[in-house]
$ cat target20.pdb   # PDB, C-alpha atoms
ATOM      1  CA  MET A   1      97.497 111.352  94.678
ATOM      2  CA  MET A   2      96.894 107.659  95.381
ATOM      3  CA  GLY A   3      95.742 107.140  91.801
ATOM      4  CA  LEU A   4      98.878 108.782  90.423
ATOM      5  CA  LYS A   5     101.018 106.625  92.721
ATOM      6  CA  ASN A   6      99.241 103.377  91.805
ATOM      7  CA  ALA A   7      99.663 104.155  88.123
ATOM      8  CA  GLY A   8     103.353 104.882  88.600
ATOM      9  CA  ILE A   9     102.923 108.426  87.285
ATOM     10  CA  ILE A  10     104.582 109.672  90.459
ATOM     11  CA  VAL A  11     107.131 107.691  92.461
ATOM     12  CA  ALA A  12     109.040 108.096  95.701
ATOM     13  CA  ASN A  13     112.327 109.954  95.532
ATOM     14  CA  PRO A  14     114.806 110.182  98.434
ATOM     15  CA  ASP A  15     115.889 113.690  97.418
ATOM     16  CA  THR A  16     112.644 115.403  96.416
ATOM     17  CA  LEU A  17     110.194 113.002  98.128
ATOM     18  CA  VAL A  18     108.144 112.803  94.907
ATOM     19  CA  ALA A  19     109.283 112.448  91.301
ATOM     20  CA  ILE A  20     107.766 111.753  87.887
ATOM     21  CA  GLY A  21     107.625 108.058  87.012
ATOM     22  CA  ASN A  22     108.911 106.288  83.923
ATOM     23  CA  PHE A  23     106.339 106.801  81.176
ATOM     24  CA  SER A  24     107.882 104.048  79.079
ATOM     25  CA  GLN A  25     106.665 101.394  81.525
ATOM     26  CA  SER A  26     103.518  99.518  80.575
ATOM     27  CA  ASN A  27     101.837  99.950  83.957
ATOM     28  CA  VAL A  28     102.077 103.745  83.661
ATOM     29  CA  LEU A  29     100.689 103.714  80.131
ATOM     30  CA  LEU A  30      97.848 101.385  81.115
ATOM     31  CA  GLY A  31      96.990 103.544  84.117
ATOM     32  CA  ILE A  32      96.732 106.589  81.860
ATOM     33  CA  LEU A  33      94.762 104.576  79.297
ATOM     34  CA  GLY A  34      92.320 103.517  82.002
ATOM     35  CA  PHE A  35      91.721 107.138  82.960
ATOM     36  CA  PHE A  36      90.984 108.207  79.389
ATOM     37  CA  ILE A  37      88.683 105.223  78.867
ATOM     38  CA  ILE A  38      86.621 106.448  81.813
ATOM     39  CA  VAL A  39      86.612 110.026  80.520
ATOM     40  CA  VAL A  40      85.427 108.991  77.050
ATOM     41  CA  LEU A  41      82.752 106.593  78.302
ATOM     42  CA  ALA A  42      81.536 108.967  81.017
ATOM     43  CA  ALA A  43      81.195 111.718  78.415
ATOM     44  CA  ARG A  44      78.859 109.365  76.562
ATOM     45  CA  ASN A  45      76.826 108.844  79.763
ATOM     46  CA  ILE A  46      77.873 105.209  80.122
ATOM     47  CA  HIS A  47      77.412 104.566  83.841
ATOM     48  CA  ALA A  48      79.691 101.519  83.912
ATOM     49  CA  ALA A  49      82.649 103.536  82.609
ATOM     50  CA  VAL A  50      84.827 102.768  85.637
ATOM     51  CA  LEU A  51      84.067  99.046  85.476
ATOM     52  CA  PHE A  52      84.795  98.904  81.748
ATOM     53  CA  SER A  53      88.093 100.705  82.301
ATOM     54  CA  ILE A  54      89.223  98.261  84.996
ATOM     55  CA  VAL A  55      88.216  95.213  82.942
ATOM     56  CA  ILE A  56      89.851  96.464  79.736
ATOM     57  CA  THR A  57      93.169  97.402  81.357
ATOM     58  CA  THR A  58      93.272  94.106  83.271
ATOM     59  CA  LEU A  59      92.578  92.104  80.096
ATOM     60  CA  ILE A  60      95.307  93.976  78.238
ATOM     61  CA  ARG A  61      97.707  93.154  81.056
ATOM     62  CA  MET A  62      96.667  89.493  80.881
ATOM     63  CA  ILE A  63      97.422  89.451  77.158
ATOM     64  CA  ILE A  64     100.851  90.907  77.878
ATOM     65  CA  GLY A  65     101.329  88.093  80.366
ATOM     66  CA  ASP A  66     101.846  89.930  83.644
ATOM     67  CA  VAL A  67      98.530  88.869  85.200
ATOM     68  CA  GLN A  68      97.920  85.221  86.010
ATOM     69  CA  TYR A  69      94.491  83.605  86.126
ATOM     70  CA  ASN A  70      93.962  82.136  89.607
ATOM     71  CA  GLY A  71      90.381  80.962  89.358
ATOM     72  CA  VAL A  72      87.136  82.655  90.322
ATOM     73  CA  PHE A  73      85.713  81.306  93.572
ATOM     74  CA  ALA A  74      87.301  80.648  96.955
ATOM     75  CA  LEU A  75      86.127  80.450 100.534
ATOM     76  CA  PRO A  76      87.134  83.507 102.564
ATOM     77  CA  PRO A  77      89.660  83.069 105.384
ATOM     78  CA  SER A  78      88.508  83.123 108.988
ATOM     79  CA  ILE A  79      87.892  86.608 110.353
ATOM     80  CA  MET A  80      88.321  85.504 113.951
ATOM     81  CA  THR A  81      92.035  86.258 113.769
ATOM     82  CA  VAL A  82      91.278  89.988 113.571
ATOM     83  CA  VAL A  83      87.769  90.550 114.965
ATOM     84  CA  GLY A  84      87.769  91.937 118.486
ATOM     85  CA  HIS A  85      91.547  91.977 118.822
ATOM     86  CA  VAL A  86      91.715  95.407 120.445
ATOM     87  CA  ASP A  87      93.719  96.475 123.468
ATOM     88  CA  MET A  88      91.418  98.901 125.269
ATOM     89  CA  ILE A  89      93.614  99.036 128.368
ATOM     90  CA  GLY A  90      96.691  99.757 126.292
ATOM     91  CA  SER A  91      94.896 102.568 124.470
ATOM     92  CA  LEU A  92      94.519 104.403 127.792
ATOM     93  CA  ASP A  93      98.281 104.870 127.994
ATOM     94  CA  ILE A  94      98.923 108.611 128.272
ATOM     95  CA  ALA A  95     101.815 108.257 125.817
ATOM     96  CA  LEU A  96      99.306 107.380 123.081
ATOM     97  CA  SER A  97      96.998 110.332 123.731
ATOM     98  CA  GLY A  98      98.722 112.547 121.169
ATOM     99  CA  ILE A  99      98.535 109.871 118.476
ATOM    100  CA  ILE A 100      94.876 109.111 119.198
ATOM    101  CA  PHE A 101      93.995 112.817 119.180
ATOM    102  CA  SER A 102      95.818 113.283 115.871
ATOM    103  CA  PHE A 103      93.948 110.389 114.272
ATOM    104  CA  MET A 104      90.678 111.798 115.585
ATOM    105  CA  LEU A 105      91.349 115.190 114.003
ATOM    106  CA  VAL A 106      92.401 113.631 110.700
ATOM    107  CA  ASN A 107      89.250 111.502 110.605
ATOM    108  CA  LEU A 108      87.037 114.437 111.588
ATOM    109  CA  PHE A 109      88.323 116.891 109.003
ATOM    110  CA  ASP A 110      88.576 114.243 106.297
ATOM    111  CA  SER A 111      84.977 113.142 106.860
ATOM    112  CA  SER A 112      83.691 116.716 107.129
ATOM    113  CA  GLY A 113      85.395 117.772 103.916
ATOM    114  CA  THR A 114      84.155 114.685 102.099
ATOM    115  CA  LEU A 115      80.576 115.161 103.279
ATOM    116  CA  ILE A 116      80.561 118.834 102.315
ATOM    117  CA  GLY A 117      81.996 118.126  98.874
ATOM    118  CA  VAL A 118      79.771 115.151  98.068
ATOM    119  CA  THR A 119      76.546 116.695  99.380
ATOM    120  CA  ASP A 120      77.225 119.906  97.492
ATOM    121  CA  LYS A 121      77.701 117.950  94.273
ATOM    122  CA  ALA A 122      74.517 115.992  95.004
ATOM    123  CA  GLY A 123      72.546 119.184  95.535
ATOM    124  CA  LEU A 124      71.832 118.340  99.178
ATOM    125  CA  ALA A 125      73.556 121.409 100.623
ATOM    126  CA  ASP A 126      71.647 124.559 101.534
ATOM    127  CA  LYS A 127      72.105 128.004 100.009
ATOM    128  CA  THR A 128      75.123 128.707 102.217
ATOM    129  CA  GLY A 129      76.844 125.509 101.091
ATOM    130  CA  LYS A 130      76.288 123.704 104.392
ATOM    131  CA  PHE A 131      74.868 120.205 104.797
ATOM    132  CA  PRO A 132      71.860 120.509 107.175
ATOM    133  CA  GLN A 133      72.235 116.951 108.501
ATOM    134  CA  MET A 134      75.974 117.111 109.088
ATOM    135  CA  LYS A 135      75.658 116.155 112.782
ATOM    136  CA  GLN A 136      73.730 112.965 112.014
ATOM    137  CA  ALA A 137      76.162 112.070 109.244
ATOM    138  CA  LEU A 138      79.171 112.548 111.527
ATOM    139  CA  ASP A 139      77.472 110.481 114.244
ATOM    140  CA  VAL A 140      77.100 107.589 111.801
ATOM    141  CA  ASP A 141      80.659 108.115 110.584
ATOM    142  CA  SER A 142      81.979 107.958 114.154
ATOM    143  CA  LEU A 143      80.069 104.790 114.999
ATOM    144  CA  SER A 144      81.170 103.082 111.788
ATOM    145  CA  SER A 145      84.804 104.002 112.465
ATOM    146  CA  VAL A 146      84.635 102.388 115.901
ATOM    147  CA  ALA A 147      82.817  99.325 114.541
ATOM    148  CA  GLY A 148      85.330  98.977 111.716
ATOM    149  CA  SER A 149      88.228  99.077 114.155
ATOM    150  CA  ALA A 150      86.611  96.378 116.288
ATOM    151  CA  MET A 151      86.231  94.250 113.160
ATOM    152  CA  GLY A 152      89.939  94.598 112.441
ATOM    153  CA  THR A 153      89.587  96.586 109.239
ATOM    154  CA  SER A 154      90.707 100.022 108.137
ATOM    155  CA  SER A 155      88.697 103.077 109.095
ATOM    156  CA  VAL A 156      85.097 102.789 107.885
ATOM    157  CA  THR A 157      84.337 106.371 107.005
ATOM    158  CA  ALA A 158      82.976 108.644 104.296
ATOM    159  CA  TYR A 159      85.053 108.457 101.123
ATOM    160  CA  ILE A 160      85.333 110.976  98.322
ATOM    161  CA  GLU A 161      84.839 108.105  95.848
ATOM    162  CA  SER A 162      81.130 108.515  96.590
ATOM    163  CA  SER A 163      81.205 111.479  94.221
ATOM    164  CA  SER A 164      81.469 109.060  91.295
ATOM    165  CA  GLY A 165      78.106 107.602  92.294
ATOM    166  CA  VAL A 166      76.627 111.063  92.732
ATOM    167  CA  ALA A 167      77.839 111.980  89.254
ATOM    168  CA  ILE A 168      75.600 109.303  87.728
ATOM    169  CA  GLY A 169      72.527 110.124  89.784
ATOM    170  CA  ARG A 170      73.009 108.617  93.230
ATOM    171  CA  ARG A 171      71.099 110.556  95.889
ATOM    172  CA  THR A 172      70.056 108.130  98.661
ATOM    173  CA  GLY A 173      71.650 105.606 100.984
ATOM    174  CA  LEU A 174      70.134 102.736  99.006
ATOM    175  CA  THR A 175      73.105 102.906  96.657
ATOM    176  CA  THR A 176      75.455 102.426  99.589
ATOM    177  CA  ILE A 177      73.512  99.388 100.796
ATOM    178  CA  VAL A 178      73.674  97.795  97.343
ATOM    179  CA  VAL A 179      77.396  98.534  97.011
ATOM    180  CA  GLY A 180      78.032  97.120 100.484
ATOM    181  CA  ALA A 181      76.147  93.927  99.636
ATOM    182  CA  LEU A 182      78.159  93.529  96.440
ATOM    183  CA  PHE A 183      81.386  94.022  98.369
ATOM    184  CA  LEU A 184      80.354  91.218 100.713
ATOM    185  CA  LEU A 185      79.871  88.959  97.712
ATOM    186  CA  THR A 186      83.349  89.767  96.408
ATOM    187  CA  ILE A 187      84.945  87.930  99.334
ATOM    188  CA  PHE A 188      83.854  84.717  97.614
ATOM    189  CA  ILE A 189      85.503  85.712  94.334
ATOM    190  CA  SER A 190      88.754  86.929  95.872
ATOM    191  CA  PRO A 191      90.939  85.037  93.333
ATOM    192  CA  LEU A 192      89.256  86.957  90.528
ATOM    193  CA  ALA A 193      89.463  90.277  92.360
ATOM    194  CA  SER A 194      93.137  89.737  93.198
ATOM    195  CA  MET A 195      93.931  89.558  89.489
ATOM    196  CA  VAL A 196      93.173  93.268  89.116
ATOM    197  CA  PRO A 197      96.477  95.175  89.385
ATOM    198  CA  ALA A 198      96.681  98.466  91.268
ATOM    199  CA  TYR A 199      97.244 100.503  88.118
ATOM    200  CA  ALA A 200      94.003  99.134  86.615
ATOM    201  CA  THR A 201      92.069 100.989  89.307
ATOM    202  CA  ALA A 202      94.354 104.028  89.214
ATOM    203  CA  GLY A 203      92.347 105.609  86.400
ATOM    204  CA  ALA A 204      89.218 105.440  88.538
ATOM    205  CA  LEU A 205      90.969 107.103  91.486
ATOM    206  CA  ILE A 206      92.325 109.876  89.278
ATOM    207  CA  TYR A 207      88.898 110.402  87.717
ATOM    208  CA  VAL A 208      87.248 110.635  91.132
ATOM    209  CA  GLY A 209      89.891 113.160  92.161
ATOM    210  CA  VAL A 210      89.070 115.258  89.116
ATOM    211  CA  LEU A 211      85.379 115.163  90.013
TER     212      LEU A 211
END
$ encode --input "target20.pdb" --output "structure tokens"
Amino acid sequence: MMGLKNAGIIVANPDTLVAIGNFSQSNVLLGILGFFIIVVLAARNIHAAVLFSIVITTLIRMIIGDVQYNGVFALPPSIMTVVGHVDMIGSLDIALSGIIFSFMLVNLFDSSGTLIGVTDKAGLADKTGKFPQMKQALDVDSLSSVAGSAMGTSSVTAYIESSSGVAIGRRTGLTTIVVGALFLLTIFISPLASMVPAYATAGALIYVGVL
């Protein structure tokens, strides 16, 4: 759904909530193009299909003139403005209990569904389709969610995008460590990363949803 929204394939509508976007717009066409680039390259067992799709669609957009080059390297902003800024006393307000409980359930079922789906695709589930180490995985997921909140970022949890890594052979946590390290490096090339429009990554999100 997020991929379709980022590509402009679906848009908000006050009457029907969701409506079909304008397929004559370049961002919609490029989002669809990005998806088919991934499909074609993935069918040829090219592991960097998603990366190629993002780069190609971004370059096309640069040629059109809608993406501006802002440099490559930049020092990251201070994280002290968000780290540790939590109101533990305020969270104990009984009026917030319903909201907190709702978020907990959403996180629990989202993580459980993701873990079941990804582990099944990776061949790590047992004969009944259950993941034997689900408890340990949920423990890690819970701790990372709390740590992420304390760091001032969005929920750090299991994401279905992991299935794209599984599809090309990922089976251990080493892949996650490498990806995490690369993400840390991207904070120093934020000007380059910010050049990538949302619809350039939409194809990847749609592809992961199909998986």
$ resolve_selection --input "target20.pdb" --expression "the PyMOL selection byres ((chain A and resi 197) around 12)" --output "NGL selection string"
:A and (6-8 or 27-28 or 30-31 or 34 or 54-62 or 66-68 or 192-196 or 198-203)
$ resolve_selection --input "target20.pdb" --expression "the PyMOL selection byres ((chain A and resi 149-160) around 6)" --output "ChimeraX atom specification"
/A:82-84,111,114,141,144-148,161-163
$ write_last_selection --input "target20.pdb" --atoms "C-alpha atoms" --output "PDB file, in the coordinates of the input"
ATOM      1  CA  VAL A  82      91.278  89.988 113.571  1.00  0.00           C
ATOM      2  CA  VAL A  83      87.769  90.550 114.965  1.00  0.00           C
ATOM      3  CA  GLY A  84      87.769  91.937 118.486  1.00  0.00           C
ATOM      4  CA  SER A 111      84.977 113.142 106.860  1.00  0.00           C
ATOM      5  CA  THR A 114      84.155 114.685 102.099  1.00  0.00           C
ATOM      6  CA  ASP A 141      80.659 108.115 110.584  1.00  0.00           C
ATOM      7  CA  SER A 144      81.170 103.082 111.788  1.00  0.00           C
ATOM      8  CA  SER A 145      84.804 104.002 112.465  1.00  0.00           C
ATOM      9  CA  VAL A 146      84.635 102.388 115.901  1.00  0.00           C
ATOM     10  CA  ALA A 147      82.817  99.325 114.541  1.00  0.00           C
ATOM     11  CA  GLY A 148      85.330  98.977 111.716  1.00  0.00           C
ATOM     12  CA  GLU A 161      84.839 108.105  95.848  1.00  0.00           C
ATOM     13  CA  SER A 162      81.130 108.515  96.590  1.00  0.00           C
ATOM     14  CA  SER A 163      81.205 111.479  94.221  1.00  0.00           C
TER      15      SER A 163
END
$ atom_distance --input "target20.pdb" --atom1 "atom CA of A:Leu138" --atom2 "atom CA of A:Thr176"
16.1 Å
$ resolve_selection --input "target20.pdb" --expression "the PyMOL selection byres ((chain A and resi 47) around 10)" --output "list in words"
Ile38, Leu41, Ala42, Ala43, Arg44, Asn45, Ile46, Ala48, Ala49, Val50, Leu51, Phe52, Ser164, Gly165, Ala167, Ile168 and Gly169 of chain A
$ residues_around --input "target20.pdb" --residues "A:Phe131" --least-positions-apart "5" --cutoff "7 Å" --atoms "all atoms listed in the file" --output "VMD selection string"
chain A and resid 116 119 124 to 126
$ atom_distance --input "target20.pdb" --atom1 "atom CA of A:Val72" --atom2 "atom CA of A:Ile189"
5.3 Å
$ atom_distance --input "target20.pdb" --atom1 "atom CA of A:Val179" --atom2 "atom CA of A:Phe36"
24.3 Å
$ residues_around --input "target20.pdb" --residues "A:Val166" --least-positions-apart "5" --cutoff "8 Å" --atoms "only C-alpha atoms" --output "list in words"
Val118, Lys121, Ala122 and Arg171 of chain A
$ closest_residue --input "target20.pdb" --among "A:Asp120, A:Asp15, A:Ser24, A:Phe35" --to "A:Gly3" --atoms "only C-alpha atoms"
A:Phe35
$ closest_residue --input "target20.pdb" --among "A:Val11, A:Ile89, A:Ala74, A:Ile37" --to "A:Phe188" --atoms "only C-alpha atoms"
A:Ala74
